[in-house]
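The file input.tsv comes next; it holds TSV, C-alpha atoms.
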chain	number	residue	atom	x	y	z
A	1	MET	CA	20.04	16.71	21.67
A	2	VAL	CA	19.31	13.14	22.88
A	3	VAL	CA	15.96	14.23	24.37
A	4	ARG	CA	15.05	16.01	21.11
A	5	LYS	CA	15.85	12.85	19.12
A	6	HIS	CA	13.64	10.76	21.44
A	7	PHE	CA	10.69	13.01	20.62
A	8	ILE	CA	11.33	13.81	16.93
A	9	HIS	CA	12.30	10.36	15.64
A	10	PRO	CA	9.09	8.51	16.71
A	11	ILE	CA	6.92	11.31	15.28
A	12	LYS	CA	8.86	11.22	11.99
A	13	GLU	CA	8.45	7.44	11.85
A	14	LEU	CA	4.69	7.68	12.47
A	15	ALA	CA	4.35	10.28	9.71
A	16	GLU	CA	6.31	8.19	7.20
A	17	ASN	CA	4.28	4.99	7.69
A	18	GLY	CA	0.90	6.78	7.67
A	19	LYS	CA	-0.11	6.20	11.30
A	20	LEU	CA	0.24	9.84	12.40
A	21	THR	CA	-2.72	11.11	10.35
A	22	GLY	CA	-5.06	8.55	11.88
A	23	LEU	CA	-3.80	9.25	15.40
A	24	ILE	CA	-4.26	13.02	14.96
A	25	LEU	CA	-7.82	12.49	13.67
A	26	ILE	CA	-8.62	10.25	16.64
A	27	PHE	CA	-7.20	12.83	19.05
A	28	ALA	CA	-9.09	15.70	17.35
A	29	THR	CA	-12.34	13.73	17.53
A	30	PHE	CA	-11.99	12.87	21.23
A	31	PHE	CA	-10.91	16.43	22.08
A	32	SER	CA	-13.89	17.92	20.21
A	33	LEU	CA	-16.39	15.52	21.80
A	34	MET	CA	-15.01	16.14	25.30
A	35	LEU	CA	-14.98	19.93	24.89
A	36	SER	CA	-18.48	19.93	23.37
A	37	ASN	CA	-19.84	18.13	26.42
A	38	SER	CA	-17.90	20.13	29.01
A	39	ASP	CA	-18.86	23.35	30.79
A	40	HIS	CA	-17.46	25.24	27.79
A	41	GLY	CA	-19.54	23.24	25.30
A	42	ASP	CA	-21.98	26.02	24.37
A	43	SER	CA	-19.16	28.47	23.63
A	44	TYR	CA	-17.31	25.83	21.61
A	45	LEU	CA	-20.37	25.06	19.46
A	46	LYS	CA	-21.10	28.77	19.05
A	47	PHE	CA	-17.56	29.32	17.73
A	48	TRP	CA	-18.10	26.98	14.76
A	49	SER	CA	-21.39	28.71	13.90
A	50	THR	CA	-19.81	32.19	13.93
A	51	GLU	CA	-20.29	33.82	10.52
A	52	ILE	CA	-17.34	35.47	8.75
A	53	GLY	CA	-16.58	36.66	5.23
A	54	PHE	CA	-17.56	39.27	2.67
A	55	HIS	CA	-21.07	40.61	2.07
A	56	PHE	CA	-21.62	38.18	-0.85
A	57	MET	CA	-19.69	35.34	0.78
A	58	HIS	CA	-20.93	35.32	4.36
A	59	LYS	CA	-20.73	31.84	5.88
A	60	SER	CA	-20.23	30.18	9.24
A	61	ILE	CA	-16.78	28.84	10.08
A	62	LEU	CA	-18.22	25.33	9.76
A	63	HIS	CA	-19.44	26.08	6.23
A	64	TRP	CA	-16.10	27.60	5.23
A	65	ILE	CA	-14.43	24.37	6.33
A	66	ASN	CA	-16.92	22.04	4.61
A	67	ASP	CA	-17.30	24.10	1.42
A	68	GLY	CA	-13.83	25.64	1.21
A	69	LEU	CA	-11.10	23.68	2.94
A	70	MET	CA	-12.64	20.36	1.92
A	71	ALA	CA	-12.34	21.42	-1.73
A	72	ILE	CA	-8.57	21.28	-1.18
A	73	PHE	CA	-8.96	17.79	0.27
A	74	PHE	CA	-10.92	16.77	-2.82
A	75	LEU	CA	-8.21	18.32	-5.00
A	76	MET	CA	-5.71	15.92	-3.45
A	77	VAL	CA	-8.14	13.00	-3.84
A	78	GLY	CA	-8.63	13.97	-7.49
A	79	LEU	CA	-4.87	14.02	-8.05
A	80	GLU	CA	-4.59	10.52	-6.55
A	81	ILE	CA	-7.39	9.26	-8.79
A	82	LYS	CA	-5.78	10.77	-11.90
A	83	ARG	CA	-2.35	9.34	-11.11
A	84	GLU	CA	-3.69	5.87	-10.37
A	85	ILE	CA	-5.80	5.79	-13.55
A	86	LEU	CA	-3.05	7.05	-15.87
A	87	GLU	CA	-0.01	5.24	-14.53
A	88	GLY	CA	-0.84	3.46	-11.27
A	89	GLU	CA	-2.79	0.48	-10.00
A	90	LEU	CA	-5.87	1.39	-12.07
A	91	SER	CA	-4.06	2.00	-15.36
A	92	THR	CA	-5.04	-1.33	-16.96
A	93	MET	CA	-8.37	-3.15	-17.03
A	94	LYS	CA	-6.79	-6.26	-15.48
A	95	GLN	CA	-5.49	-4.25	-12.51
A	96	ALA	CA	-8.60	-2.13	-12.08
A	97	ILE	CA	-11.43	-4.63	-12.45
A	98	LEU	CA	-11.27	-6.24	-8.98
A	99	PRO	CA	-11.07	-3.03	-6.88
A	100	VAL	CA	-13.70	-1.40	-9.15
A	101	VAL	CA	-16.13	-4.30	-8.66
A	102	ALA	CA	-15.31	-4.49	-4.92
A	103	ALA	CA	-15.89	-0.74	-4.49
A	104	PHE	CA	-19.22	-1.01	-6.34
A	105	GLY	CA	-20.32	-3.80	-3.98
A	106	GLY	CA	-19.11	-1.71	-1.03
A	107	ILE	CA	-21.35	1.16	-2.16
A	108	LEU	CA	-24.42	-0.86	-3.19
A	109	PHE	CA	-24.85	-3.13	-0.14
A	110	PRO	CA	-24.62	-0.38	2.54
A	111	ALA	CA	-27.10	1.74	0.57
A	112	LEU	CA	-29.51	-1.22	0.37
A	113	ILE	CA	-29.21	-1.90	4.11
A	114	PHE	CA	-29.89	1.77	4.86
A	115	PHE	CA	-32.90	1.72	2.53
A	116	LEU	CA	-34.33	-1.38	4.23
A	117	PHE	CA	-34.36	0.40	7.59
A	118	ASN	CA	-35.51	3.82	6.35
A	119	SER	CA	-37.73	3.18	3.31
A	120	ARG	CA	-40.82	4.53	5.10
A	121	ASP	CA	-39.21	7.81	6.19
A	122	THR	CA	-38.59	10.25	3.34
A	123	GLU	CA	-36.62	12.58	5.62
A	124	ASN	CA	-34.20	9.82	6.67
A	125	LEU	CA	-33.82	8.61	3.08
A	126	ARG	CA	-31.81	11.74	2.30
A	127	GLY	CA	-28.96	10.07	4.19
A	128	TRP	CA	-28.85	6.91	2.04
A	129	ALA	CA	-25.29	7.63	0.87
A	130	ILE	CA	-23.82	8.10	4.36
A	131	PRO	CA	-22.77	4.43	4.86
A	132	THR	CA	-21.40	4.08	1.30
A	133	ALA	CA	-18.20	6.03	1.98
A	134	THR	CA	-14.73	4.88	3.06
A	135	ASP	CA	-12.25	7.17	4.78
A	136	ILE	CA	-8.90	6.80	2.96
A	137	ALA	CA	-6.72	8.35	5.68
A	138	PHE	CA	-8.27	6.39	8.55
A	139	SER	CA	-8.53	3.04	6.74
A	140	LEU	CA	-4.92	3.10	5.54
A	141	GLY	CA	-3.77	4.41	8.91
A	142	ILE	CA	-5.51	1.53	10.71
A	143	LEU	CA	-4.01	-1.00	8.29
A	144	THR	CA	-0.49	0.27	9.02
A	145	LEU	CA	-1.00	-0.61	12.72
A	146	LEU	CA	-0.39	-4.24	11.71
A	147	GLY	CA	3.08	-3.34	10.51
A	148	ASN	CA	5.15	-5.29	8.01
A	149	ARG	CA	3.06	-8.48	8.27
A	150	VAL	CA	0.46	-6.88	5.93
A	151	PRO	CA	1.18	-8.02	2.33
A	152	PHE	CA	2.00	-5.17	-0.03
A	153	ALA	CA	-0.71	-6.41	-2.43
A	154	LEU	CA	-3.33	-6.00	0.33
A	155	LYS	CA	-2.29	-2.37	0.92
A	156	ILE	CA	-2.45	-1.66	-2.82
A	157	PHE	CA	-5.89	-3.28	-3.05
A	158	LEU	CA	-7.26	-1.17	-0.16
A	159	THR	CA	-5.73	2.00	-1.64
A	160	ALA	CA	-7.26	1.35	-5.08
A	161	LEU	CA	-10.62	0.40	-3.53
A	162	ALA	CA	-10.69	3.53	-1.33
A	163	ILE	CA	-9.80	5.78	-4.26
A	164	ILE	CA	-12.60	4.31	-6.41
A	165	ASP	CA	-14.92	4.59	-3.41
A	166	ASP	CA	-14.04	8.29	-3.17
A	167	LEU	CA	-14.74	8.70	-6.88
A	168	GLY	CA	-18.16	7.15	-6.25
A	169	ALA	CA	-18.73	9.54	-3.33
A	170	ILE	CA	-17.79	12.51	-5.53
A	171	LEU	CA	-20.30	11.44	-8.19
A	172	ILE	CA	-22.99	10.91	-5.53
A	173	ILE	CA	-22.37	14.38	-4.07
A	174	ALA	CA	-22.44	16.01	-7.52
A	175	ILE	CA	-25.64	14.23	-8.63
A	176	PHE	CA	-27.72	13.81	-5.47
A	177	TYR	CA	-26.57	16.56	-3.11
A	178	SER	CA	-26.67	19.58	-5.37
A	179	HIS	CA	-29.28	22.27	-4.77
A	180	GLU	CA	-31.23	24.41	-7.22
A	181	LEU	CA	-29.01	24.73	-10.28
A	182	HIS	CA	-28.06	28.07	-11.85
A	183	ILE	CA	-27.34	27.63	-15.55
A	184	MET	CA	-25.22	30.77	-15.98
A	185	MET	CA	-22.86	29.75	-13.20
A	186	ILE	CA	-22.66	26.18	-14.56
A	187	MET	CA	-21.75	27.59	-18.00
A	188	SER	CA	-19.12	29.84	-16.38
A	189	ALA	CA	-17.64	26.83	-14.55
A	190	LEU	CA	-17.54	24.87	-17.83
A	191	ALA	CA	-15.75	27.78	-19.50
A	192	VAL	CA	-13.07	27.78	-16.79
A	193	ILE	CA	-12.65	23.99	-17.11
A	194	ILE	CA	-12.24	24.32	-20.89
A	195	ILE	CA	-9.59	27.03	-20.40
A	196	LEU	CA	-7.72	24.78	-17.95
A	197	MET	CA	-7.89	21.85	-20.40
A	198	ILE	CA	-6.52	24.05	-23.20
A	199	MET	CA	-3.67	25.09	-20.92
A	200	ASN	CA	-2.95	21.41	-20.30
A	201	LYS	CA	-2.92	20.69	-24.06
A	202	MET	CA	-0.54	23.63	-24.55
A	203	ARG	CA	1.79	21.94	-22.02
A	204	ILE	CA	1.71	24.88	-19.61
A	205	THR	CA	3.26	23.55	-16.39
A	206	ASN	CA	3.23	26.56	-14.06
A	207	LEU	CA	0.97	25.38	-11.23
A	208	TYR	CA	0.00	28.91	-10.20
A	209	LEU	CA	-1.60	29.40	-13.63
A	210	TYR	CA	-3.88	26.46	-12.77
A	211	LEU	CA	-4.56	27.27	-9.12
A	212	LEU	CA	-5.71	30.86	-9.73
A	213	PRO	CA	-8.41	29.86	-12.27
A	214	GLY	CA	-9.17	27.02	-9.83
A	215	LEU	CA	-10.37	29.63	-7.30
A	216	VAL	CA	-12.68	31.10	-9.96
A	217	LEU	CA	-13.91	27.58	-10.74
A	218	TRP	CA	-14.64	26.97	-7.04
A	219	TYR	CA	-16.66	30.20	-6.81
A	220	CYS	CA	-18.66	29.42	-9.98
A	221	ILE	CA	-19.51	25.92	-8.78
A	222	LEU	CA	-20.39	27.23	-5.31
A	223	LYS	CA	-22.90	29.63	-6.85
A	224	SER	CA	-24.13	27.08	-9.40
A	225	GLY	CA	-25.89	24.90	-6.81
A	226	ILE	CA	-23.46	21.99	-7.28
A	227	HIS	CA	-21.48	21.26	-4.15
A	228	PRO	CA	-18.25	23.33	-4.37
A	229	THR	CA	-15.91	20.53	-3.26
A	230	VAL	CA	-16.40	19.00	-6.74
A	231	ALA	CA	-14.32	21.94	-8.04
A	232	GLY	CA	-11.25	20.35	-6.45
A	233	VAL	CA	-11.71	17.18	-8.51
A	234	PHE	CA	-12.32	19.06	-11.77
A	235	LEU	CA	-9.19	21.11	-11.17
A	236	ALA	CA	-7.15	17.99	-10.39
A	237	LEU	CA	-8.12	16.37	-13.68
A	238	THR	CA	-6.68	19.32	-15.64
A	239	ILE	CA	-3.31	19.40	-13.85
A	240	PRO	CA	-0.46	18.14	-16.13
A	241	LEU	CA	0.54	14.59	-15.20
A	242	ASN	CA	4.18	15.57	-14.69
A	243	LYS	CA	3.04	18.06	-12.03
A	244	VAL	CA	0.59	15.80	-10.21
A	245	GLU	CA	3.17	14.28	-7.86
A	246	GLU	CA	4.65	17.70	-7.07
A	247	LEU	CA	1.24	19.15	-6.15
A	248	GLU	CA	0.33	16.01	-4.17
A	249	HIS	CA	3.54	16.33	-2.19
A	250	PHE	CA	2.82	20.01	-1.55
A	251	LEU	CA	-0.74	19.29	-0.35
A	252	HIS	CA	0.01	16.16	1.69
A	253	LYS	CA	0.99	17.80	5.00
A	254	PRO	CA	-1.54	20.70	4.96
A	255	VAL	CA	-4.39	18.30	4.14
A	256	ASN	CA	-3.46	15.50	6.55
A	257	TYR	CA	-2.18	17.58	9.45
A	258	ILE	CA	-4.35	20.73	9.23
A	259	ILE	CA	-7.45	20.40	7.02
A	260	LEU	CA	-8.61	16.92	8.09
A	261	PRO	CA	-8.03	17.53	11.84
A	262	VAL	CA	-9.86	20.89	11.60
A	263	PHE	CA	-12.68	19.12	9.75
A	264	ALA	CA	-12.83	16.51	12.53
A	265	LEU	CA	-12.89	19.21	15.23
A	266	ALA	CA	-15.68	21.17	13.55
A	267	ASN	CA	-17.87	18.25	12.51
A	268	THR	CA	-17.73	16.32	15.78
A	269	ALA	CA	-18.66	19.39	17.82
A	270	MET	CA	-21.90	17.93	19.21
A	271	GLN	CA	-23.49	17.49	22.60
A	272	PHE	CA	-24.71	14.08	23.76
A	273	SER	CA	-27.76	13.23	25.82
A	274	PHE	CA	-29.54	10.03	26.87
A	275	GLU	CA	-31.91	10.70	23.98
A	276	HIS	CA	-29.03	10.27	21.50
A	277	THR	CA	-27.78	6.99	22.99
A	278	GLY	CA	-31.32	5.63	23.10
A	279	ASN	CA	-31.85	6.55	19.47
A	280	LEU	CA	-28.92	4.36	18.36
A	281	VAL	CA	-31.58	1.69	17.75
A	282	ALA	CA	-33.65	4.08	15.63
A	283	PRO	CA	-33.91	3.28	11.88
A	284	LEU	CA	-31.57	6.14	10.90
A	285	SER	CA	-28.81	5.04	13.26
A	286	LEU	CA	-29.21	1.33	12.53
A	287	GLY	CA	-29.18	1.95	8.78
A	288	ILE	CA	-25.86	3.79	9.04
A	289	MET	CA	-24.20	1.48	11.58
A	290	LEU	CA	-25.20	-1.80	9.91
A	291	GLY	CA	-24.52	-0.31	6.49
A	292	LEU	CA	-20.92	0.45	7.43
A	293	PHE	CA	-20.25	-2.48	9.78
A	294	ILE	CA	-22.07	-5.23	7.83
A	295	GLY	CA	-22.78	-3.79	4.38
A	296	LYS	CA	-19.20	-2.81	3.57
A	297	PRO	CA	-17.47	-6.17	4.23
A	298	VAL	CA	-20.38	-8.19	2.78
A	299	GLY	CA	-20.62	-6.01	-0.33
A	300	ILE	CA	-16.86	-5.92	-0.98
A	301	THR	CA	-16.38	-9.66	-0.36
A	302	ALA	CA	-19.46	-10.77	-2.31
A	303	ALA	CA	-18.68	-8.57	-5.32
A	304	SER	CA	-15.03	-9.68	-5.34
A	305	TYR	CA	-16.03	-13.35	-5.06
A	306	LEU	CA	-18.45	-13.08	-8.01
A	307	ALA	CA	-15.82	-11.32	-10.13
A	308	VAL	CA	-13.30	-14.10	-9.42
A	309	GLN	CA	-15.86	-16.89	-9.92
A	310	PHE	CA	-16.86	-15.51	-13.32
A	311	LYS	CA	-13.15	-15.13	-14.16
A	312	ALA	CA	-13.49	-11.40	-14.72
A	313	ALA	CA	-10.69	-10.87	-12.19
A	314	SER	CA	-8.35	-12.78	-9.89
A	315	LEU	CA	-7.25	-12.28	-6.30
A	316	PRO	CA	-3.87	-10.55	-5.91
A	317	SER	CA	-1.03	-13.00	-5.33
A	318	GLY	CA	-0.77	-14.15	-1.71
A	319	ILE	CA	-4.16	-12.74	-0.67
A	320	ARG	CA	-6.79	-14.97	0.98
A	321	TRP	CA	-10.57	-14.52	1.21
A	322	LYS	CA	-10.44	-14.11	5.00
A	323	GLN	CA	-8.13	-11.16	4.46
A	324	ILE	CA	-10.58	-9.65	1.96
A	325	ILE	CA	-13.27	-9.89	4.67
A	326	GLY	CA	-10.95	-8.13	7.14
A	327	LEU	CA	-10.16	-5.50	4.55
A	328	GLY	CA	-13.89	-5.04	3.94
A	329	CYS	CA	-14.37	-4.35	7.66
A	330	ILE	CA	-11.64	-1.70	7.60
A	331	ALA	CA	-13.35	-0.15	4.56
A	332	GLY	CA	-16.35	0.29	6.88
A	333	ILE	CA	-14.49	3.18	8.55
A	334	GLY	CA	-16.58	5.99	7.07
A	335	PHE	CA	-15.56	8.92	9.28
A	336	THR	CA	-14.51	11.93	7.12
A	337	MET	CA	-16.50	11.16	3.98
A	338	SER	CA	-19.52	9.78	5.85
A	339	ILE	CA	-19.68	12.76	8.21
A	340	PHE	CA	-19.30	15.07	5.22
A	341	ILE	CA	-22.22	13.42	3.39
A	342	ALA	CA	-24.26	13.50	6.62
A	343	SER	CA	-23.74	17.27	6.82
A	344	LEU	CA	-25.13	17.54	3.28
A	345	SER	CA	-28.06	15.23	4.06
A	346	PHE	CA	-29.51	16.84	7.18
A	347	SER	CA	-29.89	20.44	8.27
A	348	SER	CA	-31.79	19.66	11.50
A	349	GLU	CA	-29.64	19.13	14.58
A	350	LEU	CA	-31.15	15.87	15.89
A	351	PRO	CA	-30.84	13.66	12.76
A	352	LEU	CA	-27.41	15.12	11.98
A	353	THR	CA	-26.14	14.39	15.50
A	354	LEU	CA	-27.61	10.87	15.41
A	355	ALA	CA	-25.96	10.25	12.04
A	356	LYS	CA	-22.57	11.43	13.32
A	357	VAL	CA	-22.82	9.29	16.48
A	358	ALA	CA	-23.76	6.27	14.36
A	359	ILE	CA	-20.79	6.93	12.05
A	360	LEU	CA	-18.36	7.17	14.98
A	361	VAL	CA	-19.68	4.00	16.65
A	362	SER	CA	-19.69	1.90	13.47
A	363	SER	CA	-16.30	3.21	12.35
A	364	LEU	CA	-14.83	2.21	15.73
A	365	PHE	CA	-16.30	-1.30	15.57
A	366	SER	CA	-15.30	-1.68	11.91
A	367	ALA	CA	-11.70	-0.77	12.75
A	368	ILE	CA	-11.57	-3.23	15.67
A	369	ALA	CA	-13.18	-6.07	13.67
A	370	GLY	CA	-10.91	-5.48	10.67
A	371	LEU	CA	-7.77	-5.40	12.81
A	372	LEU	CA	-8.73	-8.58	14.67
A	373	ILE	CA	-9.58	-10.55	11.51
A	374	LEU	CA	-6.43	-9.47	9.69
A	375	TYR	CA	-4.22	-9.97	12.76
A	376	ILE	CA	-5.50	-13.53	13.30
A	377	THR	CA	-5.27	-14.55	9.63
A	378	LEU	CA	-1.88	-12.93	9.06
A	379	VAL	CA	-0.38	-14.40	12.27
A	380	LYS	CA	-1.64	-17.88	11.31
A	381	GLU	CA	-0.16	-17.46	7.85
A	382	ASP	CA	3.18	-16.38	9.33
A	383	ALA	CA	3.11	-19.42	11.65
A	384	THR	CA	2.38	-21.74	8.71
A	385	VAL	CA	5.26	-20.29	6.69
A	386	ASN	CA	7.65	-20.59	9.64
A	387	THR	CA	6.59	-24.20	10.25
A	388	VAL	CA	7.18	-25.11	6.61
Rewritten as structure tokens:
Amino acid sequence: MVVRKHFIHPIKELAENGKLTGLILIFATFFSLMLSNSDHGDSYLKFWSTEIGFHFMHKSILHWINDGLMAIFFLMVGLEIKREILEGELSTMKQAILPVVAAFGGILFPALIFFLFNSRDTENLRGWAIPTATDIAFSLGILTLLGNRVPFALKIFLTALAIIDDLGAILIIAIFYSHELHIMMIMSALAVIIILMIMNKMRITNLYLYLLPGLVLWYCILKSGIHPTVAGVFLALTIPLNKVEELEHFLHKPVNYIILPVFALANTAMQFSFEHTGNLVAPLSLGIMLGLFIGKPVGITAASYLAVQFKAASLPSGIRWKQIIGLGCIAGIGFTMSIFIASLSFSSELPLTLAKVAILVSSLFSAIAGLLILYITLVKEDATVNTV
């Protein structure tokens, strides 16, 4: 019993403070990269490309994960967005303005940096949105590594910023990464959404009555040419508010401990060569790495500073500008969302692999830089308080 407690209690503690998700993602990524580049690498890569399904729904395992399982991830993201807008940290203009402006800067600057490096290559330009994304699970998980010294207001600010960033990524995917559109399927999807909205107005609270039409909605959007993960967000917006927390709680463990690790395993299944490491100085790689590592903190800090200077918003109580810079670095952890957008941007193996390597490298450096900046500033602040 004592031995069991020694193992179970630390794992439970990691899960409760948010660190476990990040650690599992890190482990899944390293495991996938090591296996991909081992003697079993070819078999491992072949597994993810194995096609399964029905005659009208025949896809590779990788596509089922990115088009199917990730729709569930986006459902949970959509629920978080809805809850925050209706009754959370984004429910009033005063609360929402700073993270909204910061998120906008964190999307605009990385995209501009990417464009500067890749403006002459139309093929590379398809990846302009890759460095605009922030990974909620990783960024919050990294922040929790600093423990209780992180001000609660800073955690709330990062959460709100990451949620708005995800909303921006969803809009980008829907608008820029949709294929040839099929009007009949779009109309069918709209009909399902209208039915779900009517159910909401009628105060129907049985979640199964929403989830079953949600599957039909996913299929219609898949066949419409719009990326099917958007179906998860549309479904989330129709869920009754009093059921949002219940569904979030139900999805939390499957998404964080199954779907995201499986996504990491499948999307980091890639083989390295000297060609890939040499190409880290290529325009595509530099645009992604500098977009995430430089563009995110600069964009978030600059946009926040302008908003405060023009008195459109104010810094949360107890937060300093150096901490905003550190937070901006942590927001440069693109990982899940960046890799996902990369998979939509490139179908050829070489640019996709280069993009993924660039995402991993810049996310690692962003995490280290953010942790160092926040650790130094927060420790100094603690020392000042103790001295006083």
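Of note, CA of Ile324 (chain A) and CA of Leu290 (chain A) are spaced 18.4 Å apart.
Minimum atom-to-atom distances from A:Ser224, A:Ser38, A:Thr122, A:Thr144 to Phe346 (chain A) were compared using all atoms listed in the file, and the lowest value belongs to A:Thr122.
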Excluding region 167-173 of chain A and residues on its chain fewer than 6 positions from it, collect all residues at most 10 Å away from it, counting all atoms listed in the file, and give them as a PyMOL selection string. chain A and resi 74+77-78+81+103-104+107+129-130+132-134+161+226-230+233+337-338+340-341+344-345
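Minimum atom-to-atom distance to Leu69 (chain A), evaluated using only C-alpha atoms, belongs to A:Asn256 out of A:Ser347, A:Asn256, A:Ser188, A:Ser363.
Proximity to Ile136 (chain A) was assessed for A:Lys201, A:Met76, A:Ser314, A:Thr238 counting all atoms listed in the file; the smallest distance is recorded for A:Met76.
Distance cut-off 10 Å, centre (-10.7, 26.5, -3.8), atoms counted all atoms listed in the file; the residues meeting this are Asp67, Gly68, Leu69, Met70, Ala71, Ile72, Phe73, Phe74, Leu75, Leu211, Leu212, Pro213, Gly214, Leu215, Val216, Leu217, Trp218, Tyr219, Leu222, Pro228, Thr229, Val230, Ala231, Gly232 and Leu235 of chain A.
Each of A:Ile85, A:Ser139, A:Trp64, A:Leu241 was checked against Thr50 (chain A) using all atoms listed in the file; the smallest atom-to-atom distance is that of A:Trp64.
Look at region 114-120 of chain A: the protein and nucleic acid residues within 7 Å of it, using all atoms listed in the file and passing over chain neighbours fewer than 6 places away, are Trp128, Pro283, Leu284, Gly287, Ile288 and Gly291 of chain A.
CA of Leu125 (chain A) sits 16.6 Å away from CA of Asn279 (chain A).
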Mind pulling up the distance from CA of Ile330 (chain A) to CA of Ser366 (chain A)? 5.7 Å
